[in-house]
file run-v1.txt (compact mmCIF, C-alpha atoms)
# COMPACT_ATOMS: atom_id res chain seq x y z
CA MET A 1 39.51 -10.47 -179.00
CA ARG A 2 42.62 -8.77 -180.35
CA GLN A 3 45.77 -8.87 -178.24
CA HIS A 4 47.81 -5.74 -177.74
CA PRO A 5 51.50 -6.04 -178.64
CA VAL A 6 53.95 -5.92 -175.74
CA ASP A 7 57.65 -5.21 -175.43
CA LEU A 8 59.62 -8.38 -174.74
CA LEU A 9 61.28 -6.84 -171.67
CA ASN A 10 57.88 -6.20 -170.11
CA LEU A 11 57.49 -9.97 -169.86
CA ILE A 12 60.31 -10.19 -167.31
CA GLY A 13 59.01 -11.13 -163.87
CA GLY A 14 55.50 -12.10 -162.86
CA THR A 15 56.49 -15.77 -163.06
CA PRO A 16 54.19 -18.54 -161.81
CA LEU A 17 54.34 -19.94 -158.29
CA VAL A 18 53.08 -23.52 -158.50
CA GLU A 19 52.53 -26.19 -155.87
CA LEU A 20 54.55 -29.40 -156.17
CA ARG A 21 51.84 -31.69 -154.86
CA GLN A 22 53.72 -34.91 -155.57
CA PHE A 23 56.65 -33.94 -153.35
CA ALA A 24 54.91 -33.09 -150.09
CA PRO A 25 56.17 -35.66 -147.54
CA LYS A 26 53.12 -35.27 -145.27
CA PRO A 27 49.67 -33.60 -145.44
CA GLY A 28 50.67 -30.49 -143.52
CA ILE A 29 53.56 -29.60 -145.84
CA ARG A 30 53.09 -27.62 -149.04
CA ILE A 31 56.03 -27.04 -151.40
CA TRP A 32 55.83 -24.22 -153.94
CA ALA A 33 58.17 -23.62 -156.89
CA LYS A 34 58.84 -20.19 -158.39
CA LEU A 35 59.21 -20.95 -162.10
CA GLU A 36 61.85 -18.49 -163.28
CA GLY A 37 62.36 -20.40 -166.51
CA GLN A 38 59.26 -18.53 -167.71
CA ASN A 39 61.28 -15.32 -168.12
CA PRO A 40 62.04 -14.37 -171.75
CA SER A 41 65.65 -15.61 -171.85
CA GLY A 42 64.77 -18.59 -169.67
CA SER A 43 66.09 -17.70 -166.22
CA VAL A 44 65.81 -15.57 -163.12
CA LYS A 45 68.81 -13.54 -164.32
CA ASP A 46 66.56 -11.50 -166.63
CA ARG A 47 65.39 -9.67 -163.52
CA ILE A 48 68.77 -8.52 -162.30
CA VAL A 49 70.27 -7.76 -165.71
CA LEU A 50 67.34 -5.54 -166.63
CA ALA A 51 67.61 -3.71 -163.31
CA MET A 52 71.39 -3.25 -163.58
CA VAL A 53 71.28 -2.04 -167.21
CA ARG A 54 68.44 0.41 -166.57
CA ALA A 55 70.16 1.78 -163.44
CA ALA A 56 73.45 2.24 -165.30
CA ILE A 57 71.70 4.13 -168.10
CA ALA A 58 69.71 6.30 -165.69
CA ARG A 59 72.85 7.27 -163.78
CA GLY A 60 74.82 8.05 -166.90
CA ARG A 61 77.36 5.29 -166.30
CA LEU A 62 76.40 3.34 -169.43
CA LYS A 63 76.73 5.49 -172.53
CA PRO A 64 74.69 4.96 -175.73
CA GLY A 65 76.18 2.10 -177.73
CA GLN A 66 78.89 1.38 -175.15
CA PRO A 67 79.85 -2.31 -175.00
CA ILE A 68 78.98 -4.21 -171.83
CA VAL A 69 81.14 -6.92 -170.28
CA GLU A 70 80.23 -9.43 -167.59
CA ALA A 71 81.67 -12.61 -166.09
CA SER A 72 79.20 -15.48 -166.02
CA THR A 73 78.86 -19.24 -166.27
CA GLY A 74 75.63 -19.05 -168.22
CA ASN A 75 72.31 -17.52 -167.29
CA THR A 76 73.45 -13.97 -166.57
CA ALA A 77 75.40 -13.96 -169.83
CA ILE A 78 72.37 -15.13 -171.82
CA ALA A 79 70.11 -12.55 -170.15
CA LEU A 80 72.64 -9.82 -170.87
CA ALA A 81 73.03 -10.90 -174.49
CA MET A 82 69.28 -10.48 -174.96
CA ILE A 83 68.75 -7.32 -172.92
CA GLY A 84 71.95 -5.56 -173.99
CA LYS A 85 71.07 -6.03 -177.64
CA ARG A 86 67.60 -4.58 -177.12
CA HIS A 87 69.18 -1.49 -175.55
CA GLY A 88 71.71 -1.13 -178.39
CA HIS A 89 74.81 -2.35 -176.54
CA PRO A 90 77.28 -4.95 -177.84
CA VAL A 91 77.93 -7.66 -175.25
CA ARG A 92 81.16 -9.44 -174.33
CA VAL A 93 81.01 -12.22 -171.75
CA VAL A 94 83.93 -13.79 -169.90
CA VAL A 95 83.28 -17.48 -169.37
CA PRO A 96 85.42 -20.08 -167.57
CA HIS A 97 86.06 -23.36 -169.34
CA GLY A 98 83.88 -26.04 -167.82
CA VAL A 99 80.46 -24.51 -168.46
CA VAL A 100 77.67 -26.54 -170.06
CA PRO A 101 78.65 -26.77 -173.76
CA SER A 102 75.34 -25.47 -175.09
CA ILE A 103 75.74 -22.20 -173.16
CA ALA A 104 78.30 -21.02 -175.72
CA ASP A 105 75.96 -21.95 -178.58
CA VAL A 106 73.11 -19.93 -177.09
CA LEU A 107 75.37 -16.93 -176.51
CA ARG A 108 76.69 -16.98 -180.06
CA LEU A 109 73.14 -17.16 -181.43
CA HIS A 110 72.38 -13.99 -179.46
CA GLY A 111 75.43 -12.33 -181.00
CA ALA A 112 77.51 -12.09 -177.84
CA GLU A 113 81.30 -12.34 -178.02
CA LEU A 114 82.95 -14.83 -175.68
CA ARG A 115 86.29 -14.66 -173.95
CA TRP A 116 87.32 -17.91 -172.26
CA CYS A 117 89.25 -18.30 -169.00
CA GLU A 118 91.06 -21.31 -167.63
CA PRO A 119 88.97 -23.23 -165.07
CA SER A 120 91.76 -23.25 -162.48
CA GLY A 121 90.77 -19.70 -161.60
CA GLY A 122 87.08 -20.55 -161.38
CA MET A 123 84.77 -17.58 -161.57
CA ARG A 124 87.33 -15.51 -159.71
CA GLY A 125 89.55 -15.48 -162.80
CA ALA A 126 86.62 -14.59 -165.05
CA VAL A 127 85.64 -11.67 -162.82
CA GLU A 128 89.20 -10.35 -162.76
CA THR A 129 89.33 -10.52 -166.57
CA ALA A 130 86.05 -8.61 -166.84
CA HIS A 131 87.40 -5.96 -164.43
CA ALA A 132 90.49 -5.53 -166.61
CA MET A 133 88.42 -5.21 -169.79
CA ALA A 134 86.28 -2.52 -168.20
CA GLU A 135 89.33 -0.62 -167.01
CA HIS A 136 91.48 -0.84 -170.14
CA GLU A 137 89.14 -1.45 -173.08
CA GLY A 138 86.26 0.93 -172.42
CA PHE A 139 83.61 -1.64 -171.58
CA HIS A 140 80.93 -1.05 -168.95
CA GLU A 141 80.93 -3.86 -166.39
CA LEU A 142 77.65 -4.69 -164.66
CA ASP A 143 79.43 -6.77 -161.98
CA GLN A 144 76.54 -8.85 -160.68
CA PHE A 145 78.63 -9.95 -157.68
CA THR A 146 78.82 -6.47 -156.14
CA ASN A 147 76.00 -4.51 -157.79
CA ALA A 148 73.33 -3.54 -155.24
CA GLU A 149 70.70 -3.55 -158.01
CA ASN A 150 70.98 -7.34 -157.93
CA VAL A 151 69.57 -7.50 -154.40
CA ALA A 152 67.11 -4.66 -155.01
CA ALA A 153 65.62 -6.36 -158.07
CA HIS A 154 64.78 -9.45 -156.04
CA TYR A 155 63.43 -7.41 -153.14
CA GLU A 156 61.20 -5.34 -155.41
CA THR A 157 60.03 -8.06 -157.80
CA THR A 158 60.67 -11.70 -156.87
CA GLY A 159 60.08 -11.23 -153.16
CA ALA A 160 57.06 -9.01 -153.69
CA GLU A 161 55.49 -11.58 -156.02
CA ILE A 162 55.87 -14.35 -153.45
CA VAL A 163 54.45 -12.18 -150.66
CA GLY A 164 51.50 -11.32 -152.87
CA ALA A 165 50.80 -14.96 -153.71
CA LEU A 166 50.85 -16.67 -150.30
CA ASP A 167 49.37 -15.95 -146.90
CA ALA A 168 52.32 -17.57 -145.15
CA VAL A 169 55.87 -18.62 -146.01
CA ASP A 170 57.76 -20.70 -143.45
CA VAL A 171 60.89 -21.59 -145.45
CA PHE A 172 62.49 -20.04 -148.51
CA VAL A 173 65.17 -22.00 -150.39
CA ALA A 174 67.34 -20.57 -153.16
CA GLY A 175 70.75 -21.02 -154.72
CA ILE A 176 73.36 -18.73 -153.20
CA GLY A 177 75.23 -17.80 -156.39
CA THR A 178 75.91 -14.07 -156.19
CA GLY A 179 73.82 -13.75 -153.02
CA GLY A 180 71.28 -11.50 -154.72
CA THR A 181 68.28 -13.82 -154.59
CA VAL A 182 68.61 -15.04 -151.00
CA MET A 183 69.34 -11.53 -149.75
CA GLY A 184 66.69 -9.65 -151.71
CA VAL A 185 63.85 -12.15 -151.42
CA GLY A 186 64.81 -13.00 -147.86
CA LYS A 187 64.59 -9.36 -146.79
CA ARG A 188 61.16 -8.92 -148.41
CA LEU A 189 59.82 -12.13 -146.89
CA ARG A 190 61.05 -11.28 -143.39
CA GLU A 191 59.18 -7.97 -143.51
CA ARG A 192 55.93 -9.86 -144.09
CA PHE A 193 56.71 -13.17 -142.35
CA PRO A 194 59.18 -12.44 -139.51
CA ASN A 195 59.70 -16.12 -138.64
CA VAL A 196 60.53 -17.31 -142.16
CA ARG A 197 63.69 -19.38 -142.49
CA VAL A 198 65.95 -18.40 -145.39
CA VAL A 199 68.14 -21.25 -146.64
CA GLY A 200 70.90 -21.07 -149.24
CA VAL A 201 72.12 -23.85 -151.52
CA GLU A 202 75.49 -24.03 -153.28
CA PRO A 203 77.09 -26.57 -155.60
CA ARG A 204 79.77 -29.02 -154.61
CA LEU A 205 82.52 -28.16 -157.08
CA GLY A 206 85.24 -30.43 -158.40
CA ASP A 207 88.95 -29.84 -158.03
CA ARG A 208 89.20 -27.72 -161.19
CA LEU A 209 86.34 -25.37 -160.42
CA GLN A 210 87.57 -23.39 -157.47
CA GLY A 211 86.82 -19.88 -156.43
CA ILE A 212 83.91 -17.54 -156.30
CA ARG A 213 80.97 -19.93 -156.47
CA ASN A 214 81.73 -22.16 -153.52
CA ILE A 215 81.89 -20.57 -150.08
CA ALA A 216 83.83 -23.57 -148.82
CA GLU A 217 86.71 -22.38 -150.99
CA GLY A 218 86.98 -19.27 -148.83
CA PHE A 219 85.22 -16.66 -150.98
CA VAL A 220 82.03 -15.06 -149.67
CA PRO A 221 80.18 -13.13 -152.41
CA PRO A 222 80.16 -9.43 -151.42
CA LEU A 223 76.37 -9.21 -151.60
CA LEU A 224 75.91 -12.15 -149.23
CA ASP A 225 75.49 -11.63 -145.50
CA LEU A 226 75.89 -15.08 -143.99
CA ALA A 227 74.25 -13.88 -140.78
CA GLN A 228 70.99 -13.53 -142.72
CA LEU A 229 70.92 -17.22 -143.64
CA ASP A 230 69.21 -19.72 -141.38
CA GLY A 231 70.92 -22.64 -143.10
CA ARG A 232 73.16 -23.69 -145.99
CA PHE A 233 73.27 -26.87 -148.04
CA LEU A 234 76.04 -28.13 -150.29
CA VAL A 235 74.57 -30.29 -153.08
CA GLU A 236 76.52 -32.49 -155.48
CA SER A 237 75.66 -32.35 -159.17
CA ALA A 238 74.36 -35.93 -159.42
CA THR A 239 71.80 -35.31 -156.66
CA ALA A 240 70.67 -32.07 -158.27
CA ILE A 241 70.31 -33.68 -161.69
CA ARG A 242 68.40 -36.71 -160.41
CA THR A 243 66.01 -34.50 -158.44
CA ALA A 244 65.41 -32.28 -161.48
CA ARG A 245 64.48 -35.37 -163.46
CA ARG A 246 62.06 -36.44 -160.72
CA VAL A 247 60.32 -33.08 -161.12
CA VAL A 248 59.76 -33.74 -164.82
CA GLU A 249 58.43 -37.21 -164.14
CA ALA A 250 56.19 -36.27 -161.20
CA GLU A 251 55.04 -32.74 -162.01
CA GLY A 252 55.73 -32.22 -165.73
CA ILE A 253 58.01 -29.25 -164.99
CA PHE A 254 61.23 -29.28 -167.00
CA ALA A 255 63.47 -27.31 -164.63
CA GLY A 256 67.21 -26.79 -164.63
CA VAL A 257 69.92 -28.40 -162.54
CA SER A 258 69.95 -25.75 -159.82
CA SER A 259 66.22 -26.32 -159.37
CA GLY A 260 66.97 -29.93 -158.55
CA ALA A 261 69.53 -28.75 -156.01
CA THR A 262 67.17 -26.36 -154.24
CA LEU A 263 64.35 -28.89 -154.23
CA SER A 264 66.59 -31.61 -152.80
CA ALA A 265 67.47 -29.26 -149.92
CA ALA A 266 63.81 -28.34 -149.46
CA LEU A 267 62.83 -32.00 -149.21
CA ARG A 268 65.40 -32.57 -146.47
CA LEU A 269 64.00 -29.60 -144.57
CA ALA A 270 60.42 -30.77 -145.10
CA GLU A 271 61.16 -34.07 -143.37
CA ARG A 272 61.88 -32.13 -140.16
CA MET A 273 58.64 -30.13 -140.30
CA ASP A 274 55.10 -31.04 -139.31
CA LYS A 275 53.43 -28.34 -141.38
CA GLY A 276 54.15 -25.17 -143.32
CA ASN A 277 54.77 -23.58 -146.72
CA ILE A 278 58.16 -24.02 -148.37
CA VAL A 279 58.97 -21.83 -151.36
CA VAL A 280 61.74 -23.06 -153.67
CA MET A 281 63.43 -21.07 -156.42
CA PHE A 282 63.47 -22.87 -159.77
CA SER A 283 65.93 -20.47 -161.35
CA ASP A 284 65.81 -21.70 -164.93
CA GLY A 285 64.40 -24.29 -167.30
CA GLY A 286 66.09 -27.49 -168.36
CA TRP A 287 66.15 -27.15 -172.15
CA LYS A 288 69.65 -25.78 -172.61
CA TYR A 289 71.13 -28.67 -170.60
CA LEU A 290 69.75 -31.35 -172.92
CA PRO A 291 72.73 -31.58 -175.31
CA ALA A 292 75.03 -32.44 -172.40
CA ARG A 293 72.76 -35.37 -171.36
CA PRO A 294 73.38 -34.89 -167.62
CA TRP A 295 70.62 -37.29 -166.62
CA GLN A 296 72.39 -40.16 -168.30
CA ALA A 297 75.71 -39.19 -166.70
CA ALA A 298 74.07 -39.06 -163.26
CA ASP A 299 72.65 -42.57 -163.74
CA GLU A 300 76.09 -43.83 -164.72
CA GLY A 301 77.71 -42.29 -161.65
CA ASP A 302 80.00 -40.07 -163.70
CA ALA A 303 82.50 -38.55 -161.25
CA ALA A 304 83.19 -35.70 -163.70
CA LEU A 305 79.75 -34.15 -163.13
CA ASP A 306 81.12 -31.91 -160.37
CA GLU A 307 83.69 -30.58 -162.84
CA VAL A 308 81.00 -28.77 -164.84
CA HIS A 309 79.50 -25.38 -163.97
CA TRP A 310 75.89 -26.56 -164.05
CA TRP A 311 74.67 -23.55 -162.07

call {"tool": "encode", "arguments": {"input": "run-v1.txt", "output": "structure tokens"}}
result
Amino acid sequence: MRQHPVDLLNLIGGTPLVELRQFAPKPGIRIWAKLEGQNPSGSVKDRIVLAMVRAAIARGRLKPGQPIVEASTGNTAIALAMIGKRHGHPVRVVVPHGVVPSIADVLRLHGAELRWCEPSGGMRGAVETAHAMAEHEGFHELDQFTNAENVAAHYETTGAEIVGALDAVDVFVAGIGTGGTVMGVGKRLRERFPNVRVVGVEPRLGDRLQGIRNIAEGFVPPLLDLAQLDGRFLVESATAIRTARRVVEAEGIFAGVSSGATLSAALRLAERMDKGNIVVMFSDGGWKYLPARPWQAADEGDAALDEVHWW
């Protein structure tokens, strides 16, 4: 039977929700992973970038051919490089030093221009640079950290997909990041499952990587309402990396570092439960992390792991 051609952007969303049978600590616990690495550019960020670009075009804020700028440590930048190009917009990304080395290679292959920031400013410095470029150089800034389309995309797509797949969700675990996923999915899940617990996970950052991505540093992402979280976990890079490797070995799923972080938090929560469904966001795949060999560094106890923006 002949297949009908599809637009690449129509493949965004609709990702699999698979059970991690090897990780259930007791018979009454079922752990499910939302495999966002199946999106076209390889991460959950395809969802929000598509929503933000389409909204900006529809509202007349993004003009035909106008360059787009965004601050990112990786996945949002890659998603934007793909989606911006398909809409006819040049892309400039502001990236702090300290990201996974292969991120820059992927971005350059997509044709994006990079502007680097010193890591002492963390993501805060990158965001401020993107703001300045939008104000003075004529770029359109998506601003994933404040853009309401970020939350709406997860409410309308990610959350709806989970609700449609399961009869019950007792715990939802996701990386905090911009706050978009935990807020959007959490809201959708609570409408269907009022007693669901929404848990956020954030990285433990090293001394050089301060600022917007670690709430302990004093910055709460504008989209995040801490009152809507039922718990927060801080996960060090070595733990996240080792757990991600366990997923490959046990389930055959090659997920990214943040997936290891969310799963490690989910496993700690599962130990306190007698039964229930736990849904864990696996926000990207692991392929682009291979050149950095993080698994080897985790085995060797490399203290510098927390000085890299893994997620």

call {"tool": "closest_residue", "arguments": {"input": "run-v1.txt", "among": "A:Pro40, A:Gly60, A:Gly252, A:Pro25", "to": "Ile12 in chain A", "atoms": "only C-alpha atoms"}}
result
A:Pro40

call {"tool": "residues_around", "arguments": {"input": "run-v1.txt", "residues": "Asn39 in chain A", "least_positions_apart": "3", "cutoff": "10 Å", "atoms": "only C-alpha atoms", "output": "compact mmCIF listing (two decimals) with C-alpha atoms, in the coordinates of the input"}}
result
# COMPACT_ATOMS: atom_id res chain seq x y z
CA LEU A 8 59.62 -8.38 -174.74
CA LEU A 9 61.28 -6.84 -171.67
CA ASN A 10 57.88 -6.20 -170.11
CA LEU A 11 57.49 -9.97 -169.86
CA ILE A 12 60.31 -10.19 -167.31
CA GLY A 13 59.01 -11.13 -163.87
CA GLY A 14 55.50 -12.10 -162.86
CA THR A 15 56.49 -15.77 -163.06
CA LEU A 35 59.21 -20.95 -162.10
CA GLU A 36 61.85 -18.49 -163.28
CA GLY A 42 64.77 -18.59 -169.67
CA SER A 43 66.09 -17.70 -166.22
CA VAL A 44 65.81 -15.57 -163.12
CA LYS A 45 68.81 -13.54 -164.32
CA ASP A 46 66.56 -11.50 -166.63
CA ARG A 47 65.39 -9.67 -163.52
CA ALA A 79 70.11 -12.55 -170.15
CA SER A 283 65.93 -20.47 -161.35
CA ASP A 284 65.81 -21.70 -164.93
CA GLY A 285 64.40 -24.29 -167.30

call {"tool": "closest_residue", "arguments": {"input": "run-v1.txt", "among": "A:Val308, A:Leu114, A:Met133, A:Leu263", "to": "Val171 in chain A", "atoms": "only C-alpha atoms"}}
result
A:Leu263

call {"tool": "closest_residue", "arguments": {"input": "run-v1.txt", "among": "A:Val199, A:Leu267, A:Ala238, A:Val182", "to": "Ala153 in chain A", "atoms": "all atoms listed in the file"}}
result
A:Val182

call {"tool": "atom_distance", "arguments": {"input": "run-v1.txt", "atom1": "CA of Trp295 in chain A", "atom2": "CA of Ile78 in chain A"}}
result
22.8 Å

call {"tool": "closest_residue", "arguments": {"input": "run-v1.txt", "among": "A:Ile83, A:Ala51, A:Ile176, A:Leu142", "to": "Asp7 in chain A", "atoms": "all atoms listed in the file"}}
result
A:Ile83

call {"tool": "atom_distance", "arguments": {"input": "run-v1.txt", "atom1": "CA of Ala24 in chain A", "atom2": "CA of Arg232 in chain A"}}
result
20.9 Å

call {"tool": "residues_around", "arguments": {"input": "run-v1.txt", "residues": "Ile162 in chain A", "least_positions_apart": "2", "cutoff": "9 Å", "atoms": "only C-alpha atoms", "output": "PyMOL selection string"}}
result
chain A and resi 17+34+157-160+164-166+169+185+189+279

call {"tool": "closest_residue", "arguments": {"input": "run-v1.txt", "among": "A:Val100, A:Leu205, A:Val91, A:Ile57", "to": "Glu307 in chain A", "atoms": "all atoms listed in the file"}}
result
A:Leu205

call {"tool": "atom_distance", "arguments": {"input": "run-v1.txt", "atom1": "CA of His87 in chain A", "atom2": "CA of Leu109 in chain A"}}
result
17.2 Å

call {"tool": "build_atoms", "arguments": {"input": "run-v1.txt", "residues": "range 34-69 of chain A", "atoms": "N, CA and C atoms", "output": "tab-separated table (two decimals), in the frame of the given file"}}
result
chain	number	residue	atom	x	y	z
A	34	LYS	N	58.89	-21.44	-157.62
A	34	LYS	CA	58.84	-20.19	-158.39
A	34	LYS	C	59.52	-20.45	-159.73
A	35	LEU	N	58.73	-20.48	-160.80
A	35	LEU	CA	59.21	-20.95	-162.10
A	35	LEU	C	59.86	-19.83	-162.91
A	36	GLU	N	61.14	-19.58	-162.63
A	36	GLU	CA	61.85	-18.49	-163.28
A	36	GLU	C	62.26	-18.81	-164.72
A	37	GLY	N	62.13	-20.06	-165.11
A	37	GLY	CA	62.36	-20.40	-166.51
A	37	GLY	C	61.35	-19.77	-167.45
A	38	GLN	N	60.28	-19.18	-166.90
A	38	GLN	CA	59.26	-18.53	-167.71
A	38	GLN	C	59.67	-17.12	-168.15
A	39	ASN	N	60.78	-16.61	-167.65
A	39	ASN	CA	61.28	-15.32	-168.12
A	39	ASN	C	61.74	-15.43	-169.57
A	40	PRO	N	61.78	-14.31	-170.31
A	40	PRO	CA	62.04	-14.37	-171.75
A	40	PRO	C	63.32	-15.10	-172.16
A	41	SER	N	64.44	-14.90	-171.45
A	41	SER	CA	65.65	-15.61	-171.85
A	41	SER	C	65.78	-16.95	-171.15
A	42	GLY	N	64.82	-17.26	-170.27
A	42	GLY	CA	64.77	-18.59	-169.67
A	42	GLY	C	65.31	-18.71	-168.27
A	43	SER	N	65.58	-17.58	-167.59
A	43	SER	CA	66.09	-17.70	-166.22
A	43	SER	C	65.77	-16.48	-165.38
A	44	VAL	N	66.00	-16.64	-164.09
A	44	VAL	CA	65.81	-15.57	-163.12
A	44	VAL	C	66.73	-14.38	-163.40
A	45	LYS	N	67.83	-14.60	-164.11
A	45	LYS	CA	68.81	-13.54	-164.32
A	45	LYS	C	68.28	-12.40	-165.18
A	46	ASP	N	67.19	-12.61	-165.90
A	46	ASP	CA	66.56	-11.50	-166.63
A	46	ASP	C	66.24	-10.35	-165.69
A	47	ARG	N	65.80	-10.69	-164.49
A	47	ARG	CA	65.39	-9.67	-163.52
A	47	ARG	C	66.55	-8.75	-163.16
A	48	ILE	N	67.67	-9.35	-162.80
A	48	ILE	CA	68.77	-8.52	-162.30
A	48	ILE	C	69.48	-7.79	-163.43
A	49	VAL	N	69.61	-8.43	-164.59
A	49	VAL	CA	70.27	-7.76	-165.71
A	49	VAL	C	69.48	-6.54	-166.14
A	50	LEU	N	68.17	-6.68	-166.25
A	50	LEU	CA	67.34	-5.54	-166.63
A	50	LEU	C	67.49	-4.41	-165.62
A	51	ALA	N	67.47	-4.74	-164.33
A	51	ALA	CA	67.61	-3.71	-163.31
A	51	ALA	C	68.98	-3.03	-163.37
A	52	MET	N	70.04	-3.82	-163.56
A	52	MET	CA	71.39	-3.25	-163.58
A	52	MET	C	71.61	-2.38	-164.82
A	53	VAL	N	71.12	-2.82	-165.98
A	53	VAL	CA	71.28	-2.04	-167.21
A	53	VAL	C	70.50	-0.73	-167.11
A	54	ARG	N	69.26	-0.80	-166.67
A	54	ARG	CA	68.44	0.41	-166.57
A	54	ARG	C	69.04	1.40	-165.56
A	55	ALA	N	69.55	0.90	-164.44
A	55	ALA	CA	70.16	1.78	-163.44
A	55	ALA	C	71.41	2.44	-164.00
A	56	ALA	N	72.22	1.68	-164.73
A	56	ALA	CA	73.45	2.24	-165.30
A	56	ALA	C	73.15	3.32	-166.33
A	57	ILE	N	72.10	3.12	-167.12
A	57	ILE	CA	71.70	4.13	-168.10
A	57	ILE	C	71.18	5.38	-167.40
A	58	ALA	N	70.31	5.17	-166.40
A	58	ALA	CA	69.71	6.30	-165.69
A	58	ALA	C	70.75	7.16	-164.98
A	59	ARG	N	71.82	6.54	-164.51
A	59	ARG	CA	72.85	7.27	-163.78
A	59	ARG	C	73.98	7.78	-164.67
A	60	GLY	N	73.84	7.54	-165.96
A	60	GLY	CA	74.82	8.05	-166.90
A	60	GLY	C	76.11	7.26	-166.94
A	61	ARG	N	76.15	6.09	-166.32
A	61	ARG	CA	77.36	5.29	-166.30
A	61	ARG	C	77.51	4.44	-167.56
A	62	LEU	N	76.40	4.12	-168.18
A	62	LEU	CA	76.40	3.34	-169.43
A	62	LEU	C	76.01	4.27	-170.56
A	63	LYS	N	76.96	4.55	-171.45
A	63	LYS	CA	76.73	5.49	-172.53
A	63	LYS	C	76.05	4.80	-173.71
A	64	PRO	N	75.35	5.56	-174.55
A	64	PRO	CA	74.69	4.96	-175.73
A	64	PRO	C	75.69	4.19	-176.59
A	65	GLY	N	75.35	2.94	-176.88
A	65	GLY	CA	76.18	2.10	-177.73
A	65	GLY	C	77.43	1.54	-177.09
A	66	GLN	N	77.68	1.86	-175.82
A	66	GLN	CA	78.89	1.38	-175.15
A	66	GLN	C	78.81	-0.14	-174.94
A	67	PRO	N	79.87	-0.86	-175.24
A	67	PRO	CA	79.85	-2.31	-175.00
A	67	PRO	C	79.76	-2.63	-173.51
A	68	ILE	N	79.11	-3.74	-173.21
A	68	ILE	CA	78.98	-4.21	-171.83
A	68	ILE	C	79.75	-5.51	-171.69
A	69	VAL	N	80.44	-5.67	-170.56
A	69	VAL	CA	81.14	-6.92	-170.28
A	69	VAL	C	80.66	-7.47	-168.94
